[in-house]
>>> print(open('input.txt').read())   # compact mmCIF, C-alpha atoms
# COMPACT_ATOMS: atom_id res chain seq x y z
CA MET A 1 123.98 80.37 114.17
CA ALA A 2 121.64 82.03 111.70
CA THR A 3 121.86 85.68 110.75
CA ARG A 4 119.06 88.16 111.28
CA GLN A 5 118.36 88.08 107.53
CA GLU A 6 118.12 84.27 107.50
CA ILE A 7 115.73 84.34 110.45
CA GLN A 8 113.60 87.00 108.74
CA VAL A 9 113.45 84.97 105.51
CA ALA A 10 112.41 81.88 107.49
CA TRP A 11 109.78 83.90 109.36
CA ASP A 12 108.32 85.32 106.14
CA LEU A 13 108.33 81.93 104.42
CA ILE A 14 106.49 80.22 107.28
CA LYS A 15 104.09 83.17 107.54
CA PHE A 16 103.17 82.91 103.83
CA ILE A 17 102.72 79.14 104.03
CA ASN A 18 100.57 79.60 107.13
CA ILE A 19 98.41 82.09 105.24
CA ILE A 20 97.74 79.44 102.59
CA ASN A 21 96.84 77.00 105.35
CA ASP A 22 94.53 79.60 106.93
CA LEU A 23 92.84 80.35 103.60
CA LEU A 24 92.06 76.68 103.12
CA ASP A 25 91.07 76.05 106.72
CA THR A 26 88.78 79.06 106.96
CA SER A 27 87.13 78.22 103.64
CA VAL A 28 85.50 75.14 105.19
CA PRO A 29 82.52 77.00 106.73
CA LEU A 30 82.16 78.95 103.49
CA VAL A 31 82.10 75.81 101.37
CA ARG A 32 79.68 74.13 103.78
CA GLY A 33 77.27 77.03 103.27
CA GLN A 34 77.53 78.19 106.88
CA ILE A 35 78.43 81.79 106.06
CA LYS A 36 75.66 84.36 105.99
CA ILE A 37 75.87 87.45 103.86
CA THR A 38 73.91 90.67 104.07
CA ASP A 39 71.24 91.03 101.44
CA ASN A 40 71.61 94.43 99.76
CA LEU A 41 67.87 95.03 99.56
CA THR A 42 66.64 93.81 102.94
CA LYS A 43 69.88 94.47 104.87
CA GLU A 44 69.34 91.12 106.63
CA GLY A 45 71.56 88.08 106.77
CA ARG A 46 70.85 85.27 104.35
CA ASP A 47 72.49 82.06 103.21
CA MET A 48 74.86 82.26 100.28
CA THR A 49 73.65 80.87 96.98
CA VAL A 50 75.53 78.06 95.25
CA ASP A 51 76.89 80.57 92.73
CA GLU A 52 78.08 82.88 95.52
CA ILE A 53 79.82 79.98 97.26
CA LYS A 54 81.35 78.92 93.95
CA ASN A 55 82.66 82.42 93.23
CA ALA A 56 84.02 82.81 96.76
CA LEU A 57 85.84 79.46 96.56
CA LYS A 58 87.31 80.42 93.19
CA GLN A 59 88.59 83.62 94.78
CA VAL A 60 90.16 81.66 97.65
CA CYS A 61 91.97 79.48 95.10
CA GLN A 62 93.20 82.53 93.17
CA ASN A 63 94.50 84.11 96.38
CA ILE A 64 96.37 80.91 97.21
CA TYR A 65 97.88 80.83 93.71
CA ARG A 66 99.18 84.36 94.23
CA TYR A 67 100.96 83.29 97.42
CA LYS A 68 102.25 80.18 95.64
CA LYS A 69 103.80 82.33 92.93
CA VAL A 70 105.52 84.61 95.45
CA ILE A 71 106.86 81.71 97.53
CA LEU A 72 108.10 79.57 94.65
CA ASN A 73 109.62 82.49 92.74
CA PHE A 74 111.46 83.52 95.90
CA LEU A 75 112.79 80.02 96.56
CA ASP A 76 113.84 79.58 92.91
CA ILE A 77 116.67 82.01 93.58
CA SER A 78 119.47 79.91 95.06
CA LYS A 79 120.65 82.62 97.47
CA ASN A 80 117.14 82.98 98.87
CA ASN A 81 116.76 79.22 99.11
CA GLN A 82 119.97 79.03 101.17
CA LEU A 83 118.80 81.87 103.42
CA ALA A 84 115.57 79.93 104.02
CA ILE A 85 117.45 76.70 104.75
CA ASN A 86 119.71 78.40 107.27
CA GLY A 87 116.94 80.39 108.95
CA LEU A 88 114.60 77.42 109.24
CA ALA A 89 117.41 75.20 110.52
CA ALA A 90 117.94 77.67 113.37
CA TRP A 91 114.35 76.90 114.43
CA GLY A 92 114.78 73.16 113.93
CA ILE A 93 112.66 73.14 110.78
CA ASN A 94 113.59 71.37 107.56
CA LEU A 95 112.93 73.25 104.30
CA ASP A 96 112.12 70.04 102.40
CA ASN A 97 109.42 69.13 104.92
CA THR A 98 108.07 72.66 104.75
CA LYS A 99 107.98 72.53 100.94
CA LYS A 100 106.13 69.22 101.12
CA GLU A 101 103.50 70.81 103.38
CA LEU A 102 103.17 73.63 100.86
CA LEU A 103 102.90 71.29 97.89
CA ASP A 104 100.28 69.17 99.68
CA MET A 105 98.16 72.29 100.27
CA LEU A 106 98.64 73.34 96.65
CA MET A 107 97.40 69.92 95.50
CA VAL A 108 94.27 70.47 97.59
CA THR A 109 93.89 73.90 96.01
CA ASP A 110 94.27 72.44 92.51
CA TYR A 111 91.61 69.85 93.29
CA LEU A 112 89.23 72.50 94.63
CA ASN A 113 89.87 74.75 91.65
CA THR A 114 88.96 71.89 89.30
CA GLU A 115 86.00 70.55 91.26
CA VAL A 116 84.37 73.91 92.02
CA GLU A 117 82.98 74.04 88.49
CA LYS A 118 81.34 70.63 88.95
CA ALA A 119 79.68 71.57 92.22
CA VAL A 120 76.10 72.61 91.55
CA THR A 121 74.46 71.70 94.85
CA LEU A 122 75.17 72.43 98.48
CA ASP A 123 75.74 68.70 99.05
CA LYS A 124 78.59 68.69 96.54
CA PHE A 125 80.12 71.71 98.28
CA LYS A 126 79.86 69.91 101.63
CA LYS A 127 81.90 67.06 100.14
CA LEU A 128 84.55 69.59 99.10
CA ALA A 129 84.55 70.99 102.63
CA ASP A 130 85.08 67.47 104.00
CA TYR A 131 87.94 67.03 101.52
CA ILE A 132 89.59 70.19 102.83
CA ASP A 133 89.11 69.08 106.43
CA ILE A 134 90.69 65.69 105.73
CA ASN A 135 93.59 66.89 103.58
CA VAL A 136 94.65 70.17 105.16
CA PRO A 137 96.27 69.74 108.54
CA LYS A 138 95.48 72.15 111.33
CA LEU A 139 98.42 74.47 111.84
CA PRO A 140 100.83 73.32 114.51
CA LEU A 141 101.54 75.94 117.12
CA ILE A 142 105.24 75.05 116.92
CA ARG A 143 106.92 73.50 113.90
CA LYS A 144 109.68 71.00 114.59
CA THR A 145 111.76 68.68 112.46
CA LYS A 146 110.78 65.08 113.02
>>> encode(input="input.txt", output="structure tokens")
Amino acid sequence: MATRQEIQVAWDLIKFINIINDLLDTSVPLVRGQIKITDNLTKEGRDMTVDEIKNALKQVCQNIYRYKKVILNFLDISKNNQLAINGLAAWGINLDNTKKELLDMLMVTDYLNTEVEKAVTLDKFKKLADYIDINVPKLPLIRKTK
């Protein structure tokens, strides 16, 4: 049986990984150019420019890297790692599988961070959005060990 602390660590770990997943998943409409922004002069909605999309995607990547740093630094401490293992096990979740999910999303982030500079047209951004859709799984409502 897991302690309250182990359960809390597991909860926080899954929550942070889910935030990374959400950041990637919700960036798809942004990268596809489907997000309207308010023009400062006319106060009306308009499509984002390629540069605005590029800057917003860079910001998404930087936000993900901040979460990555927090998660990995936390798990680098062996006591914390064991707390996570025990807490996740109480929910039937394997830490190694969870880390793999995280690393897969970080690989997508690395790819986006590299490719964003090469994207100069909306069509190239749409290909990045398709890449996200294909490579980032939709969050499961319940995580279980397979």
>>> atom_distance(input="input.txt", atom1="CA of Asp130 (chain A)", atom2="CA of Ile71 (chain A)")
26.8 Å
>>> closest_residue(input="input.txt", among="A:Arg32, A:Lys54, A:Arg4, A:Arg46", to="Ala119 (chain A)", atoms="only C-alpha atoms")
A:Lys54
>>> residues_near_point(input="input.txt", point="(91.6, 68.5, 94.3)", cutoff="12 Å", atoms="all atoms listed in the file", output="list in words")
Cys61, Asp104, Met105, Leu106, Met107, Val108, Thr109, Asp110, Tyr111, Leu112, Asn113, Thr114, Glu115, Val116, Glu117, Lys118, Lys127, Leu128, Ala129, Asp130, Tyr131, Ile132, Ile134, Asn135 and Val136 of chain A
>>> residues_around(input="input.txt", residues="Leu88 (chain A)", least_positions_apart="2", cutoff="10 Å", atoms="only C-alpha atoms", output="PyMOL selection string")
chain A and resi 2+6-11+13-14+82-86+90-95+98+143-145
>>> axis_aligned_box(input="input.txt", around="region 70-75 of chain A", padding_each_side="4 Å", output="JSON")
{"center_x": 109.2, "center_y": 82.1, "center_z": 95.1, "size_x": 15.3, "size_y": 13.0, "size_z": 12.8}
>>> atom_distance(input="input.txt", atom1="CA of Lys99 (chain A)", atom2="CA of Arg66 (chain A)")
16.2 Å
>>> residues_around(input="input.txt", residues="region 37-39 of chain A", least_positions_apart="6", cutoff="12 Å", atoms="all atoms listed in the file", output="ChimeraX atom specification")
/A:30,45-49,52-53,56
>>> atom_distance(input="input.txt", atom1="CA of Ile35 (chain A)", atom2="CA of Val60 (chain A)")
14.4 Å
>>> closest_residue(input="input.txt", among="A:Lys124, A:Leu103, A:Gly87, A:Asn18", to="Gln5 (chain A)", atoms="all atoms listed in the file")
A:Gly87
>>> closest_residue(input="input.txt", among="A:Asn63, A:Ile77, A:Lys138, A:Lys126", to="Phe16 (chain A)", atoms="only C-alpha atoms")
A:Asn63
>>> closest_residue(input="input.txt", among="A:Asp96, A:Asp12, A:Asp51, A:Asp76", to="Val31 (chain A)", atoms="all atoms listed in the file")
A:Asp51
